[in-house]
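Engineer: Contents of final33.tsv (TSV, C-alpha atoms and all ligand atoms) are below:
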```
chain	number	residue	atom	x	y	z
A	228	MET	CA	18.14	9.39	52.89
A	229	LYS	CA	20.61	6.97	51.35
A	230	VAL	CA	21.23	5.43	54.73
A	231	PHE	CA	17.53	5.09	55.36
A	232	LEU	CA	17.01	3.47	51.96
A	233	PHE	CA	19.86	1.06	52.58
A	234	LEU	CA	18.43	0.05	55.94
A	235	LEU	CA	15.02	-0.42	54.40
A	236	LEU	CA	16.43	-2.56	51.59
A	237	SER	CA	18.55	-4.65	53.90
A	238	ALA	CA	15.59	-5.23	56.16
A	239	VAL	CA	13.46	-6.36	53.26
A	240	CYS	CA	15.88	-8.31	51.15
A	241	CYS	CA	18.70	-9.54	53.34
A	242	PRO	CA	17.77	-10.26	56.91
A	243	ALA	CA	20.55	-12.83	57.22
A	244	ARG	CA	23.12	-10.22	56.36
A	245	ALA	CA	21.53	-7.70	58.72
A	246	ALA	CA	21.79	-10.17	61.61
A	247	ALA	CA	25.32	-11.11	60.61
A	248	GLY	CA	26.34	-7.43	60.59
A	249	ARG	CA	25.36	-6.95	64.22
A	250	GLN	CA	28.05	-6.06	66.75
A	251	ILE	CA	28.30	-6.98	70.40
A	252	ALA	CA	30.20	-5.28	73.21
A	253	VAL	CA	31.72	-7.84	75.59
A	254	ARG	CA	33.47	-7.09	78.85
A	255	LEU	CA	36.73	-9.08	78.93
A	256	TYR	CA	38.30	-10.72	81.97
A	257	SER	CA	35.14	-9.83	83.82
A	258	LEU	CA	35.92	-12.12	86.78
A	259	HIS	CA	39.47	-10.81	87.18
A	260	LYS	CA	40.56	-7.73	89.04
A	261	THR	CA	43.52	-6.38	87.16
A	262	ALA	CA	45.40	-3.11	87.01
A	263	SER	CA	47.73	-3.91	84.11
A	264	VAL	CA	47.51	-5.80	80.80
A	265	THR	CA	50.15	-6.54	78.16
A	266	VAL	CA	48.97	-5.87	74.61
A	267	GLU	CA	50.71	-7.42	71.64
A	268	PRO	CA	49.66	-6.96	68.01
A	269	ALA	CA	48.99	-10.33	66.37
A	270	ASN	CA	49.41	-9.31	62.74
A	271	GLY	CA	52.23	-6.78	62.63
A	272	GLY	CA	50.43	-3.83	64.11
A	273	VAL	CA	47.25	-2.34	65.51
A	274	SER	CA	45.83	1.12	65.90
A	275	ALA	CA	46.37	2.34	69.47
A	276	ALA	CA	44.98	5.67	70.64
A	277	GLY	CA	44.90	6.83	67.00
A	278	ARG	CA	48.53	5.87	66.28
A	279	PHE	CA	50.31	2.78	64.97
A	280	LEU	CA	51.54	0.25	67.50
A	281	GLY	CA	53.93	-2.27	65.98
A	282	GLY	CA	55.08	-4.07	69.12
A	283	ARG	CA	54.30	-4.97	72.67
A	284	GLY	CA	52.91	-2.42	75.13
A	285	ARG	CA	51.44	-2.31	78.58
A	286	VAL	CA	48.13	-0.69	79.44
A	287	TYR	CA	47.66	0.13	83.10
A	288	ALA	CA	45.22	1.91	85.36
A	289	ARG	CA	45.98	4.82	87.62
A	290	GLY	CA	42.93	5.89	89.56
A	291	SER	CA	40.28	6.55	86.95
A	292	SER	CA	42.79	7.05	84.09
A	293	VAL	CA	44.52	4.64	81.75
A	294	LEU	CA	48.01	4.83	80.30
A	295	LEU	CA	49.91	3.00	77.59
A	296	ASP	CA	53.57	2.32	78.19
A	297	GLY	CA	56.26	0.77	75.92
A	298	ILE	CA	57.50	1.77	72.46
A	299	LEU	CA	54.40	3.90	72.20
A	300	LYS	CA	53.23	5.99	75.11
A	301	ALA	CA	49.75	7.43	75.58
A	302	GLY	CA	47.61	8.83	78.36
A	303	PRO	CA	46.75	9.39	81.10
A	304	ALA	CA	43.34	9.37	79.44
A	305	LYS	CA	39.77	8.54	80.33
A	306	ASN	CA	39.95	5.69	77.84
A	307	LEU	CA	42.34	4.23	75.27
A	308	ARG	CA	41.02	2.74	72.07
A	309	PHE	CA	42.70	-0.08	70.14
A	310	SER	CA	41.59	-1.70	66.93
A	311	GLY	CA	42.95	-4.68	65.07
A	312	THR	CA	43.91	-8.15	66.24
A	313	LEU	CA	45.85	-8.41	69.46
A	314	TRP	CA	46.89	-10.71	72.23
A	315	LEU	CA	46.16	-9.75	75.80
A	316	SER	CA	47.96	-11.23	78.79
A	317	GLY	CA	49.06	-10.30	82.26
A	318	SER	CA	49.77	-11.53	85.72
A	319	GLY	CA	46.99	-14.00	86.63
A	320	LEU	CA	45.31	-13.45	83.27
A	321	PRO	CA	45.07	-16.19	80.65
A	322	ARG	CA	46.65	-15.09	77.36
A	323	ARG	CA	43.86	-14.54	74.84
A	324	LEU	CA	43.45	-13.28	71.29
A	325	TYR	CA	40.86	-10.64	70.45
A	326	LYS	CA	39.96	-8.62	67.43
A	327	GLY	CA	37.75	-5.68	66.65
A	328	GLU	CA	37.73	-2.63	68.86
A	329	LEU	CA	39.02	-2.70	72.43
A	330	ILE	CA	38.43	0.18	74.79
A	331	PHE	CA	40.39	0.31	78.02
A	332	SER	CA	39.18	2.46	80.87
A	333	ALA	CA	39.79	2.46	84.61
A	334	GLU	CA	37.81	2.57	87.80
A	335	LYS	CA	39.42	2.81	91.23
A	336	GLY	CA	42.76	1.69	89.85
A	337	LEU	CA	41.38	-1.38	88.04
A	338	LEU	CA	41.10	-1.88	84.30
A	339	ARG	CA	37.85	-2.31	82.44
A	340	ILE	CA	38.19	-3.73	78.92
A	341	ILE	CA	35.31	-3.72	76.46
A	342	ASN	CA	35.68	-5.56	73.15
A	343	THR	CA	33.29	-4.69	70.33
A	344	VAL	CA	33.24	-7.53	67.85
A	345	PRO	CA	30.90	-8.78	65.08
A	346	LEU	CA	28.23	-11.02	66.62
A	347	GLU	CA	29.16	-13.93	64.34
A	348	THR	CA	32.84	-13.73	65.35
A	349	TYR	CA	31.87	-13.69	69.03
A	350	LEU	CA	29.56	-16.62	68.40
A	351	ALA	CA	32.29	-18.77	66.84
A	352	GLY	CA	34.33	-18.10	70.00
A	353	VAL	CA	31.45	-18.98	72.33
A	354	VAL	CA	30.61	-22.18	70.46
A	355	SER	CA	34.26	-23.26	70.44
A	356	GLY	CA	34.29	-23.07	74.23
A	357	GLU	CA	30.79	-24.38	74.88
A	358	ALA	CA	30.93	-27.31	72.47
A	359	SER	CA	34.59	-28.20	72.85
A	360	ASP	CA	33.83	-31.76	74.01
A	361	LEU	CA	31.28	-32.43	71.27
A	362	SER	CA	32.12	-33.74	67.84
A	363	HIS	CA	28.99	-34.06	65.67
A	364	PRO	CA	28.44	-31.22	63.14
A	365	GLU	CA	24.65	-31.23	63.76
A	366	ALA	CA	25.23	-30.81	67.52
A	367	TYR	CA	27.53	-27.89	66.74
A	368	LYS	CA	24.88	-26.29	64.53
A	369	ALA	CA	22.21	-26.69	67.23
A	370	GLN	CA	24.62	-25.16	69.76
A	371	ALA	CA	25.44	-22.27	67.41
A	372	ILE	CA	21.75	-21.41	66.99
A	373	ALA	CA	21.06	-21.69	70.73
A	374	ALA	CA	24.05	-19.43	71.52
A	375	ARG	CA	23.17	-16.92	68.77
A	376	THR	CA	19.56	-16.73	69.94
A	377	TYR	CA	20.57	-16.45	73.58
A	378	THR	CA	22.96	-13.62	72.71
A	379	VAL	CA	20.36	-11.63	70.77
A	380	LYS	CA	17.69	-12.24	73.42
A	381	TYR	CA	19.94	-11.17	76.30
A	382	MET	CA	21.87	-8.38	74.56
A	383	LYS	CA	20.78	-6.03	77.34
A	384	ASN	CA	22.13	-8.17	80.21
A	385	HIS	CA	24.65	-5.47	81.15
A	386	SER	CA	23.36	-2.47	79.24
A	387	GLY	CA	23.24	-0.41	82.45
A	388	GLU	CA	27.00	-0.99	82.76
A	389	GLY	CA	27.84	0.11	79.22
A	390	TYR	CA	28.24	-3.24	77.45
A	391	ASN	CA	26.09	-6.14	76.26
A	392	MET	CA	27.56	-9.24	77.86
A	393	CYS	CA	30.33	-10.26	80.19
A	394	ASP	CA	32.72	-13.03	79.17
A	395	SER	CA	31.98	-15.37	82.09
A	396	THR	CA	29.34	-18.08	82.40
A	397	HIS	CA	27.10	-15.44	84.00
A	398	CYS	CA	26.31	-14.58	80.36
A	399	GLN	CA	28.22	-16.94	78.05
A	400	LEU	CA	31.80	-18.09	78.35
A	401	TYR	CA	33.90	-16.21	75.78
A	402	THR	CA	37.65	-16.74	75.79
A	403	GLY	CA	38.50	-14.91	72.58
A	404	LEU	CA	39.49	-16.13	69.18
A	405	GLY	CA	42.72	-18.02	69.86
A	406	GLN	CA	40.95	-21.34	70.32
A	407	ILE	CA	38.28	-21.15	67.62
A	408	SER	CA	37.69	-24.64	66.34
A	409	PRO	CA	37.02	-25.28	62.63
A	410	LYS	CA	33.82	-27.14	63.59
A	411	ALA	CA	32.49	-24.18	65.56
A	412	GLN	CA	33.33	-21.78	62.74
A	413	ALA	CA	31.70	-24.09	60.18
A	414	ALA	CA	28.54	-24.38	62.33
A	415	ALA	CA	28.32	-20.61	62.80
A	416	ASP	CA	28.76	-20.10	59.04
A	417	ALA	CA	26.31	-22.85	58.03
A	418	THR	CA	23.56	-21.40	60.24
A	419	SER	CA	24.38	-17.72	59.65
A	420	GLY	CA	21.52	-15.49	60.77
A	421	GLU	CA	19.33	-18.43	61.88
A	422	MET	CA	17.66	-18.21	65.24
A	423	LEU	CA	15.29	-20.11	67.41
A	424	LEU	CA	11.96	-18.31	67.28
A	425	TYR	CA	8.81	-18.63	69.31
A	426	LYS	CA	5.84	-16.80	67.78
A	427	GLY	CA	8.30	-14.99	65.53
A	428	GLU	CA	10.53	-13.67	68.34
A	429	PRO	CA	13.91	-14.95	69.58
A	430	ALA	CA	13.38	-17.56	72.29
A	431	ALA	CA	15.07	-17.76	75.69
A	432	ALA	CA	17.45	-20.42	74.40
A	433	PHE	CA	18.93	-21.74	77.65
A	434	TYR	CA	21.27	-24.68	77.30
A	435	HIS	CA	23.29	-26.92	79.58
A	436	SER	CA	25.77	-29.78	79.41
A	437	VAL	CA	23.95	-33.03	80.34
A	438	CYS	CA	20.28	-33.28	81.35
A	439	GLY	CA	20.57	-36.85	82.68
A	440	GLY	CA	17.55	-38.22	80.83
A	441	ARG	CA	14.95	-35.52	81.22
A	442	THR	CA	15.19	-31.73	80.89
A	443	GLU	CA	13.53	-29.53	83.50
A	444	ASP	CA	10.63	-27.12	83.35
A	445	MET	CA	12.25	-23.70	83.70
A	446	THR	CA	9.84	-22.49	86.38
A	447	TYR	CA	11.18	-25.15	88.77
A	448	VAL	CA	14.71	-23.85	88.31
A	449	TRP	CA	14.28	-20.07	88.10
A	450	PRO	CA	11.38	-17.92	89.20
A	451	PHE	CA	11.15	-16.30	85.77
A	452	GLU	CA	8.17	-15.86	83.51
A	453	TYR	CA	6.79	-19.17	82.20
A	454	LYS	CA	7.99	-20.14	78.72
A	455	PRO	CA	5.90	-22.80	76.95
A	456	TYR	CA	8.99	-24.13	75.13
A	457	LEU	CA	11.09	-24.52	78.30
A	458	ILE	CA	9.18	-27.47	79.65
A	459	SER	CA	10.41	-30.86	80.78
A	460	VAL	CA	11.06	-33.22	77.85
A	461	ARG	CA	12.28	-36.81	77.96
A	462	ASP	CA	15.71	-36.99	76.37
A	463	GLY	CA	15.43	-40.12	74.25
A	464	PRO	CA	14.07	-43.63	74.73
A	465	PRO	CA	13.41	-44.78	78.32
A	466	GLY	CA	16.54	-46.13	79.94
A	467	LEU	CA	18.75	-44.93	77.11
A	468	PRO	CA	18.91	-41.12	77.12
A	469	TYR	CA	20.62	-39.43	74.19
A	470	CYS	CA	23.06	-37.81	76.65
A	471	SER	CA	24.08	-41.10	78.30
A	472	ILE	CA	27.18	-41.00	76.05
A	473	ALA	CA	28.48	-38.04	78.09
A	474	PRO	CA	31.56	-38.67	80.20
A	475	GLY	CA	30.57	-38.31	83.85
A	476	PHE	CA	26.88	-38.91	83.08
A	477	LYS	CA	26.52	-40.36	86.59
A	478	TRP	CA	28.30	-38.97	89.62
A	479	LYS	CA	28.50	-39.49	93.36
A	480	THR	CA	29.59	-36.97	95.98
A	481	LYS	CA	29.92	-37.41	99.74
A	482	LEU	CA	28.89	-34.25	101.49
A	483	TYR	CA	30.17	-34.32	105.07
A	484	PHE	CA	28.04	-32.41	107.55
A	485	THR	CA	31.07	-30.39	108.70
A	486	GLY	CA	31.59	-29.19	105.10
A	487	LEU	CA	27.88	-28.63	104.56
A	488	THR	CA	27.72	-26.56	107.78
A	489	ARG	CA	30.59	-24.36	106.60
A	490	LEU	CA	29.14	-23.85	103.12
A	491	ALA	CA	25.61	-23.29	104.45
A	492	ARG	CA	26.82	-20.62	106.88
A	493	GLN	CA	28.81	-18.89	104.13
A	494	ALA	CA	25.77	-18.97	101.88
A	495	GLY	CA	23.54	-17.61	104.63
A	496	TRP	CA	21.30	-20.71	104.76
A	497	LEU	CA	22.34	-21.29	108.38
A	498	VAL	CA	23.28	-18.79	111.08
A	499	SER	CA	26.68	-18.95	112.78
A	500	ASP	CA	25.83	-21.34	115.65
A	501	GLU	CA	23.75	-23.74	113.58
A	502	GLU	CA	25.11	-27.12	112.55
A	503	ALA	CA	23.88	-29.28	109.70
A	504	HIS	CA	22.86	-32.76	110.89
A	505	GLY	CA	20.94	-33.91	107.86
A	506	LEU	CA	19.73	-33.07	104.39
A	507	ARG	CA	16.58	-34.12	102.59
A	508	ILE	CA	14.75	-33.27	99.39
A	509	SER	CA	11.40	-31.66	100.18
A	510	ALA	CA	10.10	-30.92	96.65
A	511	TRP	CA	10.78	-32.23	93.17
A	512	GLY	CA	10.35	-30.81	89.67
A	513	PRO	CA	8.59	-32.74	86.88
A	514	SER	CA	11.90	-34.16	85.64
A	515	GLY	CA	12.65	-35.76	89.00
A	516	ARG	CA	15.23	-33.13	89.94
A	517	ALA	CA	15.20	-31.70	93.41
A	518	ALA	CA	13.35	-28.38	93.50
A	519	GLU	CA	13.77	-27.68	97.22
A	520	LEU	CA	15.97	-29.06	100.00
A	521	GLU	CA	15.87	-28.92	103.77
A	522	ILE	CA	18.97	-28.78	105.94
A	523	TYR	CA	18.32	-30.19	109.42
A	524	THR	CA	19.98	-28.30	112.24
A	525	GLN	CA	19.78	-28.65	116.06
A	526	ARG	CA	16.63	-26.53	116.09
A	527	ARG	CA	14.97	-26.31	112.69
A	528	ARG	CA	14.75	-27.33	109.08
A	529	ALA	CA	16.25	-24.62	106.82
A	530	LYS	CA	14.70	-24.56	103.37
A	531	VAL	CA	16.93	-23.91	100.35
A	532	THR	CA	15.81	-23.97	96.73
A	533	ALA	CA	17.68	-26.58	94.72
A	534	THR	CA	18.92	-23.84	92.36
A	535	ASP	CA	20.43	-21.89	95.28
A	536	PHE	CA	21.92	-25.10	96.64
A	537	TYR	CA	23.48	-26.04	93.28
A	538	HIS	CA	24.87	-22.54	92.67
A	539	GLY	CA	25.83	-21.92	96.30
A	540	ILE	CA	27.88	-25.12	96.55
A	541	GLY	CA	29.30	-24.75	93.04
A	542	ARG	CA	30.53	-21.22	93.63
A	543	ARG	CA	32.19	-22.13	96.94
A	544	ALA	CA	33.37	-25.71	96.47
A	545	GLY	CA	33.72	-25.97	92.67
A	546	TRP	CA	31.22	-27.15	90.07
A	547	GLN	CA	32.39	-30.77	90.19
A	548	ALA	CA	31.02	-31.39	93.71
A	549	VAL	CA	27.31	-31.08	92.98
A	550	ARG	CA	27.03	-31.18	89.19
A	551	SER	CA	23.25	-30.88	88.95
A	552	SER	CA	20.17	-30.91	91.13
A	553	PHE	CA	19.26	-34.36	89.73
A	554	PHE	CA	20.25	-36.61	92.64
A	555	LYS	CA	19.08	-39.02	95.30
A	556	LEU	CA	20.25	-38.64	98.87
A	557	LEU	CA	21.63	-41.65	100.71
A	558	PRO	CA	22.28	-41.00	104.42
A	559	GLY	CA	25.64	-41.89	106.01
A	560	LYS	CA	26.92	-41.55	109.57
A	561	ASP	CA	28.39	-38.06	109.38
A	562	TYR	CA	27.67	-37.36	105.73
A	563	VAL	CA	25.06	-37.64	103.04
A	564	LEU	CA	25.83	-39.28	99.70
A	565	LEU	CA	24.54	-37.50	96.62
A	566	ASP	CA	23.91	-40.09	93.93
A	567	GLY	CA	23.45	-37.93	90.87
A	568	ILE	CA	23.09	-37.78	87.12
A	569	GLY	CA	23.62	-35.00	84.62
A	570	ASN	CA	25.57	-31.78	84.63
A	571	GLY	CA	24.14	-28.26	84.65
A	572	HIS	CA	20.74	-26.68	85.28
A	573	GLY	CA	18.81	-28.98	82.94
A	574	VAL	CA	16.79	-26.29	81.14
A	575	GLY	CA	16.51	-26.19	77.34
A	576	LEU	CA	19.06	-27.77	75.01
A	577	CYS	CA	21.04	-30.69	76.44
A	578	GLN	CA	24.43	-30.35	74.71
A	579	TRP	CA	25.39	-34.01	75.09
A	580	GLY	CA	21.87	-35.04	74.09
A	581	ALA	CA	22.30	-32.98	70.92
A	582	GLU	CA	25.53	-34.88	70.31
A	583	GLY	CA	23.72	-38.20	70.84
A	584	MET	CA	20.90	-37.15	68.51
A	585	GLY	CA	23.41	-36.04	65.88
A	586	ARG	CA	25.11	-39.43	66.01
A	587	LYS	CA	21.72	-41.10	65.57
A	588	GLY	CA	21.12	-39.14	62.36
A	589	PHE	CA	18.94	-36.26	63.54
A	590	LYS	CA	19.46	-32.86	61.90
A	591	TYR	CA	19.95	-29.68	63.90
A	592	ARG	CA	16.41	-28.42	63.32
A	593	GLU	CA	15.01	-31.69	64.70
A	594	ILE	CA	17.37	-31.47	67.65
A	595	LEU	CA	16.23	-27.94	68.46
A	596	ARG	CA	12.53	-28.80	68.06
A	597	HIS	CA	13.04	-31.68	70.48
A	598	TYR	CA	14.53	-29.54	73.27
A	599	TYR	CA	12.43	-26.43	72.63
A	600	PRO	CA	8.98	-27.75	71.66
A	601	GLY	CA	6.83	-25.30	69.70
A	602	THR	CA	9.74	-23.22	68.41
A	603	GLU	CA	11.00	-22.94	64.87
A	604	VAL	CA	14.34	-22.16	63.30
A	605	ALA	CA	14.32	-19.26	60.86
A	606	VAL	CA	16.40	-16.34	59.75
A	607	HIS	CA	15.69	-13.31	61.90
A	608	ASP	CA	17.29	-9.90	61.84
B	701	ZN	ZN	27.14	-11.36	82.48
B	702	ZN	ZN	20.14	-35.04	78.01
```
Represent the structure contained in this file as structure tokens.

Structural biologist:
Amino acid sequence: MKVFLFLLLSAVCCPARAAAGRQIAVRLYSLHKTASVTVEPANGGVSAAGRFLGGRGRVYARGSSVLLDGILKAGPAKNLRFSGTLWLSGSGLPRRLYKGELIFSAEKGLLRIINTVPLETYLAGVVSGEASDLSHPEAYKAQAIAARTYTVKYMKNHSGEGYNMCDSTHCQLYTGLGQISPKAQAAADATSGEMLLYKGEPAAAFYHSVCGGRTEDMTYVWPFEYKPYLISVRDGPPGLPYCSIAPGFKWKTKLYFTGLTRLARQAGWLVSDEEAHGLRISAWGPSGRAAELEIYTQRRRAKVTATDFYHGIGRRAGWQAVRSSFFKLLPGKDYVLLDGIGNGHGVGLCQWGAEGMGRKGFKYREILRHYYPGTEVAVHD
């Protein structure tokens, strides 16, 4: 009864605190395959498998069991639970600081690490990584609200796998707490509990690095349900977009047909004997971005959505080659030149545009209203 009353009271009187008290389970090193991790308490000691661990240890997988080795030994067990603040590192793994609860388990000889952490702590980590190039406090606040809303909206991204979010850009990049910037922490604190709402519910707060002058209507990028606030908006005065201050606002990439053939075969756009001889844009979105491309081969035109093209090339050749789907194509002899602007998918908040707006004196609520028309910022539990 007491618990029920407390929940009722907190829901009525303190929604900000209720939101701030939320926890999130994040899978760590989700893109790495690792069988062994070094754990090192950051502040003297941590709780490890119900005991005190005062120094370095090594957690490793054996089949579907995990073991702790070092001054303290534990396992084999189905899972090992740590709590406190600790550094993780290992061969091929970046050294990172985490706090909260960490549960290690194993599957087919590989480790699976789930970190349960307060949502606001996670958020400060995400914003530190996502906004690391930005400097204006209002841009940081806008980013914090977009990331908080995105997190709450997509909490179930991996629920079938036993956690909420992975730590890669598939969900949101989260590299722990070692690099938390004071600006990110200040923005998370200043906007505590605030979210971007559409008709009272958390919005699908997609964000990207540089729109290039105009954001894109979501339905031209992903075949998801239409969202009235994820439409194409012009990012600032004509000829002078807010995000034009971004380094690398414009880019050019030569795509040789030999390279395009290889990538297109790997991606399954072409079959093994087909060769790319040309590339053209066959449909555009309202922003001017490519929506669909055609690869010319010796016998047909293979259609590829611009989103598949952007992701397919990025995943195989790095994200610097084709930075967005906002480009013109200029034909060469054995290549095509992509003359592009912007960086990222172009949907929702433009991070560098937010920075530009901040520098021009706009406040974070105005920034968010600009990129997500029809939404409002309010505390939501
Ligand atoms: Zn994910
Ligand atoms: Zn922009």

Engineer: Please identify every polymer residue within 12 Å of ligand ZN 702 (chain B), using all atoms listed in the file, and present the set as a short mmCIF file (atom, residue, chain, number, x, y, z; two decimals) with C-alpha atoms, keeping the file's coordinate frame.

Structural biologist:
```cif
data_model
loop_
_atom_site.label_atom_id
_atom_site.label_comp_id
_atom_site.auth_asym_id
_atom_site.auth_seq_id
_atom_site.Cartn_x
_atom_site.Cartn_y
_atom_site.Cartn_z
CA TYR A 434 21.27 -24.68 77.30
CA HIS A 435 23.29 -26.92 79.58
CA SER A 436 25.77 -29.78 79.41
CA VAL A 437 23.95 -33.03 80.34
CA CYS A 438 20.28 -33.28 81.35
CA GLY A 439 20.57 -36.85 82.68
CA GLY A 440 17.55 -38.22 80.83
CA ARG A 441 14.95 -35.52 81.22
CA THR A 442 15.19 -31.73 80.89
CA GLU A 443 13.53 -29.53 83.50
CA SER A 459 10.41 -30.86 80.78
CA VAL A 460 11.06 -33.22 77.85
CA ARG A 461 12.28 -36.81 77.96
CA ASP A 462 15.71 -36.99 76.37
CA GLY A 463 15.43 -40.12 74.25
CA PRO A 464 14.07 -43.63 74.73
CA PRO A 465 13.41 -44.78 78.32
CA GLY A 466 16.54 -46.13 79.94
CA LEU A 467 18.75 -44.93 77.11
CA PRO A 468 18.91 -41.12 77.12
CA TYR A 469 20.62 -39.43 74.19
CA CYS A 470 23.06 -37.81 76.65
CA SER A 471 24.08 -41.10 78.30
CA ILE A 472 27.18 -41.00 76.05
CA ALA A 473 28.48 -38.04 78.09
CA PHE A 476 26.88 -38.91 83.08
CA LYS A 477 26.52 -40.36 86.59
CA SER A 514 11.90 -34.16 85.64
CA PHE A 553 19.26 -34.36 89.73
CA ILE A 568 23.09 -37.78 87.12
CA GLY A 569 23.62 -35.00 84.62
CA ASN A 570 25.57 -31.78 84.63
CA GLY A 571 24.14 -28.26 84.65
CA HIS A 572 20.74 -26.68 85.28
CA GLY A 573 18.81 -28.98 82.94
CA VAL A 574 16.79 -26.29 81.14
CA GLY A 575 16.51 -26.19 77.34
CA LEU A 576 19.06 -27.77 75.01
CA CYS A 577 21.04 -30.69 76.44
CA GLN A 578 24.43 -30.35 74.71
CA TRP A 579 25.39 -34.01 75.09
CA GLY A 580 21.87 -35.04 74.09
CA ALA A 581 22.30 -32.98 70.92
CA GLU A 582 25.53 -34.88 70.31
CA GLY A 583 23.72 -38.20 70.84
CA MET A 584 20.90 -37.15 68.51
CA ILE A 594 17.37 -31.47 67.65
CA HIS A 597 13.04 -31.68 70.48
CA TYR A 598 14.53 -29.54 73.27
#
```

Engineer: Which distance in Å separates CA of Leu337 in chain A and CA of Val253 in chain A, to one decimal?

Structural biologist: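 For CA of Leu337 in chain A relative to CA of Val253 in chain A, the distance reads 17.0 Å.
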
Engineer: By how many Å are CA of Pro474 in chain A and CA of Val354 in chain A apart?

Structural biologist: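 Computing it gives 19.2 Å between the two atoms.
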
Engineer: Distance limit 6 Å, reference ligand ZN 701 (chain B), atoms considered: only C-alpha atoms and all ligand atoms. Which residues make the cut? Give them as an NGL selection string.

Structural biologist: :A and (392-393 or 397-398)

Engineer: Measure the distance from CA of His607 in chain A to CA of Arg375 in chain A in Å and round it to one decimal.

Structural biologist: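 Taking CA of His607 in chain A and CA of Arg375 in chain A, their separation equals 10.8 Å.
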
Engineer: Would you list the contacts of Asp416 in chain A as a count of residues only, taking every protein, DNA or RNA residue within 12 Å and counting all atoms listed in the file, but skipping same-chain residues closer than 2 positions in sequence?

Structural biologist: 25

Engineer: With all atoms listed in the file as the counted atoms, please give the residues lying no more than 9 Å from Ala548 in chain A, apart from itself and same-chain residues fewer than 3 positions off, as a PDB file with C-alpha atoms, keeping the file's coordinate frame.

Structural biologist:
```pdb
ATOM      1  CA  LYS A 479      28.500 -39.490  93.360  1.00  0.00           C
ATOM      2  CA  THR A 480      29.590 -36.970  95.980  1.00  0.00           C
ATOM      3  CA  LYS A 481      29.920 -37.410  99.740  1.00  0.00           C
ATOM      4  CA  LEU A 482      28.890 -34.250 101.490  1.00  0.00           C
ATOM      5  CA  ILE A 540      27.880 -25.120  96.550  1.00  0.00           C
ATOM      6  CA  GLY A 541      29.300 -24.750  93.040  1.00  0.00           C
ATOM      7  CA  ALA A 544      33.370 -25.710  96.470  1.00  0.00           C
ATOM      8  CA  GLY A 545      33.720 -25.970  92.670  1.00  0.00           C
TER       9      GLY A 545
END
```

Engineer: Using all atoms listed in the file, which residue out of A:Lys587, A:Lys454, A:Lys426, A:Arg489 lies closest to Gly539 in chain A?

Structural biologist: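 Nearest to Gly539 in chain A: A:Arg489.
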
Engineer: Go through A:Glu501, A:Asp394, A:Glu428, A:Glu593 and flag the residue nearest Ser257 in chain A, using all atoms listed in the file for the distances.

Structural biologist: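 Looking at the shortest contact to Ser257 in chain A, the residue is A:Asp394.
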
Engineer: Name the closest residue to Ala275 in chain A among the candidates A:Asn306, A:Thr485, A:Ser359, A:Thr376; distances are taken between atoms, counting all atoms listed in the file.

Structural biologist: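 Ranked by minimum distance to Ala275 in chain A, first place goes to A:Asn306.
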
Engineer: If you count all atoms listed in the file, which residues fall within 6 Å of range 279-292 of chain A, apart from same-chain ones fewer than 3 positions away, as a PyMOL selection string?

Structural biologist: chain A and resi 262-267+271-275+295-297+303-305+333-338

Engineer: Just want the 8 Å neighbourhood of Gln406 in chain A, counted on all atoms listed in the file, with same-chain residues fewer than 2 positions away dropped. Output as a tab-separated table (two decimals) with C-alpha atoms, in the coordinates of the input.

Structural biologist:
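And here is the file that came out, part_4.tsv:
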```
chain	number	residue	atom	x	y	z
A	352	GLY	CA	34.33	-18.10	70.00
A	355	SER	CA	34.26	-23.26	70.44
A	356	GLY	CA	34.29	-23.07	74.23
A	402	THR	CA	37.65	-16.74	75.79
A	403	GLY	CA	38.50	-14.91	72.58
A	404	LEU	CA	39.49	-16.13	69.18
A	408	SER	CA	37.69	-24.64	66.34
```

Engineer: Pick the closest to Gly567 in chain A from A:Ile340, A:Val531, A:Ala517, A:Leu315: which is it, counting only C-alpha atoms?

Structural biologist: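 Closest residue, counting only C-alpha atoms: A:Ala517.
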
Engineer: Pick the closest to Ala417 in chain A from A:Leu595, A:Leu307, A:Leu497, A:Ala369: which is it, counting all atoms listed in the file?

Structural biologist: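 Using all atoms listed in the file, Ala417 in chain A sits closest to A:Ala369.
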
Engineer: With only C-alpha atoms as the counted atoms, please give the residues lying no more than 9 Å from Gln493 in chain A, apart from itself and same-chain residues fewer than 5 positions off, as number ranges by chain.

Structural biologist: A: 488, 498-499, 539, 543

Engineer: For the selection you just gave me, I'd like the residues written to a file as a short mmCIF file (atom, residue, chain, number, x, y, z; two decimals), keeping the file's coordinate frame, keeping C-alpha atoms.

Structural biologist:
```
data_model
loop_
_atom_site.label_atom_id
_atom_site.label_comp_id
_atom_site.auth_asym_id
_atom_site.auth_seq_id
_atom_site.Cartn_x
_atom_site.Cartn_y
_atom_site.Cartn_z
CA THR A 488 27.72 -26.56 107.78
CA VAL A 498 23.28 -18.79 111.08
CA SER A 499 26.68 -18.95 112.78
CA GLY A 539 25.83 -21.92 96.30
CA ARG A 543 32.19 -22.13 96.94
#
```

Engineer: Which one is closest to Gln370 in chain A: A:Ile522, A:Val293, A:Leu313, A:Ala432? Count all atoms listed in the file.

Structural biologist: A:Ala432
